[in-house]
Amino acid sequence: DAGVIQSPRHEVTEMGQEVTLRCKPISGHDYLFWYRQTMMRGLELLIYFNNNVPIDDSGMPEDRFSAKMPNASFSTLKIQPSEPRDSAVYFCASSLAPLGQPQHFGDGTRLSIL
Amino acid sequence: DAKTTQPNSMESNEEEPVHLPCNHSTISGTDYIHWYRQLPSQGPEYVIHGLTSNVNNRMASLAIAEDRKSSTLILHRATLRDAAVYYCIRRHGAGSYQLTFGKGTKLSVIP
């Protein structure tokens with residue numbers, strides 16, 4: 001079975017540019033999560049969705065970040081405008097509904113803002 | 001915030017058992033203990049979780065202390081592929097889907 005698929009795997013862009021990260025969750029999963037990982041702050045939850053509806057976006061760092069889930073099989077995380085401090089690995093994860101269910105992570109997008 | 005305490009790093013010889021400790025002294029009655037691991041250049045991977053009693057699966061065993069203030073992840077026979085950062089996470093049972101990752105324990109496996 002296909003796991004969580006993220007694209008692109010690597011992104012290098014210049015400061016000020018718009019960046020769009022994409023995620024396809026595991027089919028049938030009700031929850032989708034976006035995380036960011038840096039050396040300084042570790043893994044942080046940015047936002048999560050249930051049935052395509054954002055539930056908690058308290059981890060989104062600022063208004064430059066936005067996330068959408070237009071349907072059950074696709075989500076985007078957008079940064080506009082991007083800044084060097086946004087450089088990190090961004091992970092998407094999905095899970096089934098019951099609370100104890102594990103989260104399944106993608107391999108991440110390594111983002112470098114020059 | 002869901003706090004756990006783990007050693008920064010541990011070493012194990014290949015094919016020997018590994019016991020990874022975790023302290024969660026302020027745990028509440030409905031909090032689950034989840035373990036994830038992260039191999040280099042990959043996303044975190046679920047390992048095991050439990051509430052009160054010990055748990056086993058194909059990857060590992062989880063031993064939870066009777067007072068639930070600590071737990072131990074047991075890898076019965078370490079392989080080189082088990083070299084990873086292991087995260088112990090206290091997950092609130094009362095409706096929160098959030099996983100709060102700490103710094104974890106970096107496990108090195110020596111051939």
# chains A, B, ... in the order shown; residues from 1 in each chain; ligands from 1
>>> interface_residues(of="chain A", to="chain B", cutoff="10 Å", atoms="only C-alpha atoms", output="ChimeraX atom specification")
/A:31,33,35,37,39,41-45,47-48,50,55-56,89-93,95,97-110
>>> write_last_selection(atoms="N, CA and C atoms", output="mmCIF file, in the first residue's frame")
data_model
loop_
_atom_site.group_PDB
_atom_site.id
_atom_site.type_symbol
_atom_site.label_atom_id
_atom_site.label_comp_id
_atom_site.auth_asym_id
_atom_site.auth_seq_id
_atom_site.Cartn_x
_atom_site.Cartn_y
_atom_site.Cartn_z
ATOM 1 N N TYR A 31 -7.510 12.058 9.265
ATOM 2 C CA TYR A 31 -6.744 13.163 9.823
ATOM 3 C C TYR A 31 -5.474 13.393 9.026
ATOM 4 N N PHE A 33 -1.867 15.903 9.122
ATOM 5 C CA PHE A 33 -1.052 16.769 9.974
ATOM 6 C C PHE A 33 0.118 17.324 9.165
ATOM 7 N N TYR A 35 3.894 19.020 9.929
ATOM 8 C CA TYR A 35 4.924 19.264 10.933
ATOM 9 C C TYR A 35 6.107 19.956 10.266
ATOM 10 N N GLN A 37 10.420 20.412 11.005
ATOM 11 C CA GLN A 37 11.541 19.958 11.826
ATOM 12 C C GLN A 37 12.777 20.788 11.540
ATOM 13 N N MET A 39 16.800 21.876 13.461
ATOM 14 C CA MET A 39 17.759 21.467 14.492
ATOM 15 C C MET A 39 17.460 22.176 15.806
ATOM 16 N N ARG A 41 14.537 23.612 16.943
ATOM 17 C CA ARG A 41 13.234 23.466 17.584
ATOM 18 C C ARG A 41 12.674 22.049 17.511
ATOM 19 N N GLY A 42 13.383 21.160 16.807
ATOM 20 C CA GLY A 42 12.892 19.790 16.684
ATOM 21 C C GLY A 42 11.652 19.716 15.814
ATOM 22 N N LEU A 43 10.808 18.723 16.095
ATOM 23 C CA LEU A 43 9.581 18.502 15.335
ATOM 24 C C LEU A 43 8.438 19.266 15.977
ATOM 25 N N GLU A 44 7.790 20.112 15.191
ATOM 26 C CA GLU A 44 6.675 20.914 15.701
ATOM 27 C C GLU A 44 5.445 20.701 14.824
ATOM 28 N N LEU A 45 4.307 20.558 15.461
ATOM 29 C CA LEU A 45 3.052 20.470 14.728
ATOM 30 C C LEU A 45 2.627 21.868 14.291
ATOM 31 N N ILE A 47 -0.275 22.399 11.925
ATOM 32 C CA ILE A 47 -1.721 22.427 11.743
ATOM 33 C C ILE A 47 -2.201 21.004 11.509
ATOM 34 N N TYR A 48 -3.466 20.735 11.885
ATOM 35 C CA TYR A 48 -4.020 19.460 11.468
ATOM 36 C C TYR A 48 -5.483 19.598 11.057
ATOM 37 N N ASN A 50 -9.262 17.489 10.099
ATOM 38 C CA ASN A 50 -10.122 16.322 10.233
ATOM 39 C C ASN A 50 -11.185 16.416 9.157
ATOM 40 N N ILE A 55 -8.572 21.904 12.140
ATOM 41 C CA ILE A 55 -9.026 21.791 13.526
ATOM 42 C C ILE A 55 -8.182 22.657 14.462
ATOM 43 N N ASP A 56 -6.887 22.628 14.279
ATOM 44 C CA ASP A 56 -5.989 23.375 15.163
ATOM 45 C C ASP A 56 -4.829 23.908 14.338
ATOM 46 N N VAL A 89 12.805 20.874 7.329
ATOM 47 C CA VAL A 89 12.161 19.732 6.689
ATOM 48 C C VAL A 89 10.701 19.745 7.125
ATOM 49 N N TYR A 90 9.812 19.704 6.162
ATOM 50 C CA TYR A 90 8.380 19.731 6.432
ATOM 51 C C TYR A 90 7.807 18.340 6.191
ATOM 52 N N PHE A 91 7.123 17.844 7.211
ATOM 53 C CA PHE A 91 6.532 16.511 7.116
ATOM 54 C C PHE A 91 5.011 16.596 7.122
ATOM 55 N N CYS A 92 4.424 15.716 6.373
ATOM 56 C CA CYS A 92 2.991 15.517 6.384
ATOM 57 C C CYS A 92 2.739 14.127 6.971
ATOM 58 N N ALA A 93 1.669 13.993 7.739
ATOM 59 C CA ALA A 93 1.298 12.702 8.315
ATOM 60 C C ALA A 93 -0.207 12.546 8.235
ATOM 61 N N SER A 95 -3.655 9.887 9.685
ATOM 62 C CA SER A 95 -4.063 8.808 10.588
ATOM 63 C C SER A 95 -5.548 8.546 10.440
ATOM 64 N N ALA A 97 -9.283 7.751 12.323
ATOM 65 C CA ALA A 97 -9.970 8.595 13.286
ATOM 66 C C ALA A 97 -9.774 8.236 14.752
ATOM 67 N N PRO A 98 -9.879 6.982 15.150
ATOM 68 C CA PRO A 98 -9.836 6.724 16.591
ATOM 69 C C PRO A 98 -8.569 7.258 17.232
ATOM 70 N N LEU A 99 -8.717 7.760 18.459
ATOM 71 C CA LEU A 99 -7.669 8.562 19.081
ATOM 72 C C LEU A 99 -6.342 7.834 19.230
ATOM 73 N N GLY A 100 -6.322 6.566 19.459
ATOM 74 C CA GLY A 100 -5.066 5.872 19.671
ATOM 75 C C GLY A 100 -4.327 5.487 18.409
ATOM 76 N N GLN A 101 -4.912 5.781 17.250
ATOM 77 C CA GLN A 101 -4.311 5.325 16.001
ATOM 78 C C GLN A 101 -2.992 6.035 15.717
ATOM 79 N N PRO A 102 -2.002 5.324 15.208
ATOM 80 C CA PRO A 102 -0.717 5.948 14.926
ATOM 81 C C PRO A 102 -0.786 6.914 13.754
ATOM 82 N N GLN A 103 0.110 7.859 13.739
ATOM 83 C CA GLN A 103 0.259 8.751 12.603
ATOM 84 C C GLN A 103 1.317 8.173 11.661
ATOM 85 N N HIS A 104 1.012 8.223 10.374
ATOM 86 C CA HIS A 104 1.922 7.714 9.354
ATOM 87 C C HIS A 104 2.524 8.911 8.630
ATOM 88 N N PHE A 105 3.837 8.993 8.649
ATOM 89 C CA PHE A 105 4.530 10.160 8.106
ATOM 90 C C PHE A 105 5.062 9.906 6.702
ATOM 91 N N GLY A 106 5.094 10.982 5.912
ATOM 92 C CA GLY A 106 5.794 10.943 4.645
ATOM 93 C C GLY A 106 7.286 11.135 4.859
ATOM 94 N N ASP A 107 8.029 11.131 3.759
ATOM 95 C CA ASP A 107 9.481 11.275 3.862
ATOM 96 C C ASP A 107 9.930 12.726 3.938
ATOM 97 N N GLY A 108 8.991 13.653 3.846
ATOM 98 C CA GLY A 108 9.311 15.052 4.065
ATOM 99 C C GLY A 108 9.760 15.799 2.828
ATOM 100 N N THR A 109 9.679 17.122 2.941
ATOM 101 C CA THR A 109 10.223 18.030 1.930
ATOM 102 C C THR A 109 11.304 18.856 2.597
ATOM 103 N N ARG A 110 12.509 18.770 2.062
ATOM 104 C CA ARG A 110 13.612 19.578 2.607
ATOM 105 C C ARG A 110 13.619 20.908 1.885
#
>>> select_by_dssp(residues="segment 6-106 of chain A", states="strand (DSSP E or B)", output="VMD selection string")
chain A and resid 6 to 7 10 to 13 19 to 24 31 to 38 42 to 50 53 to 56 65 to 71 74 to 79 88 to 95 104 to 105
>>> residues_around(residues="Thr79 of chain B", least_positions_apart="2", cutoff="9 Å", atoms="only C-alpha atoms", output="VMD selection string")
chain B and resid 13 to 16 77 81 to 83 109 to 111
>>> residues_around(residues="Met69 of chain A", least_positions_apart="5", cutoff="9 Å", atoms="only C-alpha atoms", output="ChimeraX atom specification")
/A:32,49,51-54,74-76
>>> write_last_selection(atoms="N, CA and C atoms", output="compact mmCIF listing (two decimals), in the first residue's frame")
# COMPACT_ATOMS: atom_id res chain seq x y z
N LEU A 32 -5.14 14.67 8.86
CA LEU A 32 -3.90 15.02 8.17
C LEU A 32 -3.18 16.09 8.99
N PHE A 49 -5.90 18.69 10.19
CA PHE A 49 -7.22 18.67 9.59
C PHE A 49 -7.95 17.38 9.99
N ASN A 51 -11.28 15.38 8.34
CA ASN A 51 -12.24 15.40 7.23
C ASN A 51 -12.16 16.70 6.44
N ASN A 52 -10.94 17.10 6.13
CA ASN A 52 -10.63 18.26 5.28
C ASN A 52 -10.84 19.60 5.96
N VAL A 53 -11.24 19.61 7.21
CA VAL A 53 -11.48 20.86 7.93
C VAL A 53 -10.34 21.13 8.91
N PRO A 54 -9.75 22.34 8.87
CA PRO A 54 -8.68 22.62 9.84
C PRO A 54 -9.22 22.64 11.26
N PHE A 74 -5.69 15.30 -0.82
CA PHE A 74 -4.68 16.30 -1.19
C PHE A 74 -4.67 17.46 -0.21
N SER A 75 -3.45 17.87 0.16
CA SER A 75 -3.31 19.04 1.01
C SER A 75 -2.08 19.82 0.56
N THR A 76 -2.11 21.12 0.78
CA THR A 76 -0.96 21.98 0.48
C THR A 76 -0.61 22.83 1.68
>>> residues_around(residues="Arg64 of chain A", least_positions_apart="6", cutoff="9 Å", atoms="only C-alpha atoms", output="short mmCIF file (atom, residue, chain, number, x, y, z; two decimals) with all heavy atoms, in the first residue's frame")
data_model
loop_
_atom_site.label_atom_id
_atom_site.label_comp_id
_atom_site.auth_asym_id
_atom_site.auth_seq_id
_atom_site.Cartn_x
_atom_site.Cartn_y
_atom_site.Cartn_z
N LYS A 78 1.50 26.36 2.11
CA LYS A 78 2.06 27.43 1.30
C LYS A 78 2.77 28.45 2.18
O LYS A 78 2.27 28.78 3.27
CB LYS A 78 0.94 28.10 0.50
CG LYS A 78 1.41 29.06 -0.57
CD LYS A 78 0.23 29.51 -1.43
CE LYS A 78 -0.30 28.38 -2.28
NZ LYS A 78 -1.30 28.85 -3.28
N ILE A 79 3.90 28.93 1.71
CA ILE A 79 4.62 29.99 2.41
C ILE A 79 4.80 31.14 1.41
O ILE A 79 5.35 30.96 0.33
CB ILE A 79 6.01 29.53 2.89
CG1 ILE A 79 5.90 28.23 3.69
CG2 ILE A 79 6.66 30.62 3.75
CD1 ILE A 79 7.25 27.61 4.05
N GLN A 80 4.28 32.31 1.78
CA GLN A 80 4.35 33.45 0.89
C GLN A 80 4.34 34.75 1.68
O GLN A 80 3.34 35.02 2.36
CB GLN A 80 3.18 33.43 -0.09
CG GLN A 80 2.93 34.70 -0.89
CD GLN A 80 4.08 35.09 -1.81
OE1 GLN A 80 4.92 34.27 -2.13
NE2 GLN A 80 4.11 36.35 -2.22
N PRO A 81 5.41 35.56 1.62
CA PRO A 81 6.68 35.28 0.97
C PRO A 81 7.59 34.43 1.87
O PRO A 81 7.50 34.49 3.09
CB PRO A 81 7.27 36.68 0.81
CG PRO A 81 6.73 37.44 1.98
CD PRO A 81 5.35 36.87 2.25
N SER A 82 8.47 33.67 1.27
CA SER A 82 9.37 32.81 2.05
C SER A 82 10.55 33.62 2.58
O SER A 82 10.96 34.64 2.00
CB SER A 82 9.87 31.65 1.19
OG SER A 82 10.52 32.14 0.04
#
>>> atom_distance(atom1="atom CA of Thr38 of chain A", atom2="atom CA of Glu11 of chain B")
24.0 Å
>>> closest_residue(among="B:Thr52, B:Ala78, B:Tyr87, B:Leu62", to="Thr30 of chain B", atoms="only C-alpha atoms")
B:Thr52
>>> decode(residues="segment 83-97 of chain A", atoms="all heavy atoms", output="PDB file, in the first residue's frame")
ATOM      1  N   GLU A  83      11.093  33.146   3.714  1.00  0.00           N
ATOM      2  CA  GLU A  83      12.249  33.780   4.348  1.00  0.00           C
ATOM      3  C   GLU A  83      13.269  32.699   4.690  1.00  0.00           C
ATOM      4  O   GLU A  83      12.894  31.532   4.873  1.00  0.00           O
ATOM      5  CB  GLU A  83      11.826  34.515   5.619  1.00  0.00           C
ATOM      6  CG  GLU A  83      10.876  35.676   5.375  1.00  0.00           C
ATOM      7  CD  GLU A  83      10.522  36.423   6.644  1.00  0.00           C
ATOM      8  OE1 GLU A  83      11.089  36.091   7.710  1.00  0.00           O
ATOM      9  OE2 GLU A  83       9.682  37.345   6.563  1.00  0.00           O
ATOM     10  N   PRO A  84      14.549  33.067   4.812  1.00  0.00           N
ATOM     11  CA  PRO A  84      15.575  32.053   5.132  1.00  0.00           C
ATOM     12  C   PRO A  84      15.262  31.256   6.392  1.00  0.00           C
ATOM     13  O   PRO A  84      15.583  30.066   6.463  1.00  0.00           O
ATOM     14  CB  PRO A  84      16.850  32.901   5.282  1.00  0.00           C
ATOM     15  CG  PRO A  84      16.637  34.059   4.366  1.00  0.00           C
ATOM     16  CD  PRO A  84      15.152  34.377   4.475  1.00  0.00           C
ATOM     17  N   ARG A  85      14.628  31.874   7.372  1.00  0.00           N
ATOM     18  CA  ARG A  85      14.331  31.150   8.614  1.00  0.00           C
ATOM     19  C   ARG A  85      13.244  30.092   8.441  1.00  0.00           C
ATOM     20  O   ARG A  85      12.969  29.312   9.361  1.00  0.00           O
ATOM     21  CB  ARG A  85      13.926  32.108   9.729  1.00  0.00           C
ATOM     22  CG  ARG A  85      12.700  32.943   9.436  1.00  0.00           C
ATOM     23  CD  ARG A  85      12.599  34.082  10.433  1.00  0.00           C
ATOM     24  NE  ARG A  85      11.590  35.061  10.035  1.00  0.00           N
ATOM     25  CZ  ARG A  85      10.513  35.334  10.757  1.00  0.00           C
ATOM     26  NH1 ARG A  85      10.296  34.719  11.883  1.00  0.00           N
ATOM     27  NH2 ARG A  85       9.654  36.244  10.340  1.00  0.00           N
ATOM     28  N   ASP A  86      12.614  30.038   7.281  1.00  0.00           N
ATOM     29  CA  ASP A  86      11.641  28.977   6.998  1.00  0.00           C
ATOM     30  C   ASP A  86      12.319  27.688   6.541  1.00  0.00           C
ATOM     31  O   ASP A  86      11.655  26.662   6.363  1.00  0.00           O
ATOM     32  CB  ASP A  86      10.668  29.435   5.905  1.00  0.00           C
ATOM     33  CG  ASP A  86       9.922  30.703   6.285  1.00  0.00           C
ATOM     34  OD1 ASP A  86       9.689  30.917   7.495  1.00  0.00           O
ATOM     35  OD2 ASP A  86       9.586  31.479   5.373  1.00  0.00           O
ATOM     36  N   SER A  87      13.619  27.744   6.333  1.00  0.00           N
ATOM     37  CA  SER A  87      14.354  26.556   5.905  1.00  0.00           C
ATOM     38  C   SER A  87      14.212  25.458   6.963  1.00  0.00           C
ATOM     39  O   SER A  87      14.492  25.688   8.149  1.00  0.00           O
ATOM     40  CB  SER A  87      15.838  26.888   5.690  1.00  0.00           C
ATOM     41  OG  SER A  87      15.975  27.848   4.658  1.00  0.00           O
ATOM     42  N   ALA A  88      13.769  24.289   6.536  1.00  0.00           N
ATOM     43  CA  ALA A  88      13.479  23.192   7.460  1.00  0.00           C
ATOM     44  C   ALA A  88      13.066  21.981   6.627  1.00  0.00           C
ATOM     45  O   ALA A  88      12.956  22.054   5.402  1.00  0.00           O
ATOM     46  CB  ALA A  88      12.338  23.577   8.409  1.00  0.00           C
ATOM     47  N   VAL A  89      12.805  20.874   7.329  1.00  0.00           N
ATOM     48  CA  VAL A  89      12.161  19.732   6.689  1.00  0.00           C
ATOM     49  C   VAL A  89      10.701  19.745   7.125  1.00  0.00           C
ATOM     50  O   VAL A  89      10.407  19.804   8.325  1.00  0.00           O
ATOM     51  CB  VAL A  89      12.825  18.402   7.072  1.00  0.00           C
ATOM     52  CG1 VAL A  89      12.136  17.249   6.325  1.00  0.00           C
ATOM     53  CG2 VAL A  89      14.310  18.427   6.746  1.00  0.00           C
ATOM     54  N   TYR A  90       9.812  19.704   6.162  1.00  0.00           N
ATOM     55  CA  TYR A  90       8.380  19.731   6.432  1.00  0.00           C
ATOM     56  C   TYR A  90       7.807  18.340   6.191  1.00  0.00           C
ATOM     57  O   TYR A  90       7.995  17.747   5.136  1.00  0.00           O
ATOM     58  CB  TYR A  90       7.687  20.762   5.543  1.00  0.00           C
ATOM     59  CG  TYR A  90       8.061  22.184   5.903  1.00  0.00           C
ATOM     60  CD1 TYR A  90       9.259  22.743   5.475  1.00  0.00           C
ATOM     61  CD2 TYR A  90       7.225  22.953   6.708  1.00  0.00           C
ATOM     62  CE1 TYR A  90       9.624  24.032   5.838  1.00  0.00           C
ATOM     63  CE2 TYR A  90       7.568  24.250   7.061  1.00  0.00           C
ATOM     64  CZ  TYR A  90       8.771  24.778   6.631  1.00  0.00           C
ATOM     65  OH  TYR A  90       9.121  26.059   6.995  1.00  0.00           O
ATOM     66  N   PHE A  91       7.123  17.844   7.211  1.00  0.00           N
ATOM     67  CA  PHE A  91       6.532  16.511   7.116  1.00  0.00           C
ATOM     68  C   PHE A  91       5.011  16.596   7.122  1.00  0.00           C
ATOM     69  O   PHE A  91       4.424  17.421   7.834  1.00  0.00           O
ATOM     70  CB  PHE A  91       6.953  15.642   8.314  1.00  0.00           C
ATOM     71  CG  PHE A  91       8.390  15.241   8.303  1.00  0.00           C
ATOM     72  CD1 PHE A  91       9.306  15.877   9.131  1.00  0.00           C
ATOM     73  CD2 PHE A  91       8.832  14.214   7.484  1.00  0.00           C
ATOM     74  CE1 PHE A  91      10.640  15.507   9.132  1.00  0.00           C
ATOM     75  CE2 PHE A  91      10.163  13.834   7.473  1.00  0.00           C
ATOM     76  CZ  PHE A  91      11.066  14.480   8.301  1.00  0.00           C
ATOM     77  N   CYS A  92       4.424  15.716   6.373  1.00  0.00           N
ATOM     78  CA  CYS A  92       2.991  15.517   6.384  1.00  0.00           C
ATOM     79  C   CYS A  92       2.739  14.127   6.971  1.00  0.00           C
ATOM     80  O   CYS A  92       3.523  13.194   6.752  1.00  0.00           O
ATOM     81  CB  CYS A  92       2.450  15.602   4.963  1.00  0.00           C
ATOM     82  SG  CYS A  92       0.700  15.269   4.776  1.00  0.00           S
ATOM     83  N   ALA A  93       1.669  13.993   7.739  1.00  0.00           N
ATOM     84  CA  ALA A  93       1.298  12.702   8.315  1.00  0.00           C
ATOM     85  C   ALA A  93      -0.207  12.546   8.235  1.00  0.00           C
ATOM     86  O   ALA A  93      -0.950  13.534   8.168  1.00  0.00           O
ATOM     87  CB  ALA A  93       1.765  12.603   9.773  1.00  0.00           C
ATOM     88  N   SER A  94      -0.662  11.301   8.241  1.00  0.00           N
ATOM     89  CA  SER A  94      -2.106  11.061   8.266  1.00  0.00           C
ATOM     90  C   SER A  94      -2.416   9.921   9.220  1.00  0.00           C
ATOM     91  O   SER A  94      -1.533   9.111   9.559  1.00  0.00           O
ATOM     92  CB  SER A  94      -2.651  10.762   6.864  1.00  0.00           C
ATOM     93  OG  SER A  94      -2.200   9.507   6.376  1.00  0.00           O
ATOM     94  N   SER A  95      -3.655   9.887   9.685  1.00  0.00           N
ATOM     95  CA  SER A  95      -4.063   8.808  10.588  1.00  0.00           C
ATOM     96  C   SER A  95      -5.548   8.546  10.440  1.00  0.00           C
ATOM     97  O   SER A  95      -6.309   9.375   9.933  1.00  0.00           O
ATOM     98  CB  SER A  95      -3.729   9.155  12.046  1.00  0.00           C
ATOM     99  OG  SER A  95      -4.637  10.101  12.571  1.00  0.00           O
ATOM    100  N   LEU A  96      -5.943   7.368  10.931  1.00  0.00           N
ATOM    101  CA  LEU A  96      -7.359   7.051  11.028  1.00  0.00           C
ATOM    102  C   LEU A  96      -7.954   7.809  12.201  1.00  0.00           C
ATOM    103  O   LEU A  96      -7.240   8.393  13.017  1.00  0.00           O
ATOM    104  CB  LEU A  96      -7.532   5.544  11.210  1.00  0.00           C
ATOM    105  CG  LEU A  96      -7.150   4.691   9.990  1.00  0.00           C
ATOM    106  CD1 LEU A  96      -7.068   3.222  10.368  1.00  0.00           C
ATOM    107  CD2 LEU A  96      -8.148   4.893   8.869  1.00  0.00           C
ATOM    108  N   ALA A  97      -9.283   7.751  12.323  1.00  0.00           N
ATOM    109  CA  ALA A  97      -9.970   8.595  13.286  1.00  0.00           C
ATOM    110  C   ALA A  97      -9.774   8.236  14.752  1.00  0.00           C
ATOM    111  O   ALA A  97      -9.552   9.113  15.573  1.00  0.00           O
ATOM    112  CB  ALA A  97     -11.463   8.632  12.957  1.00  0.00           C
TER     113      ALA A  97
END
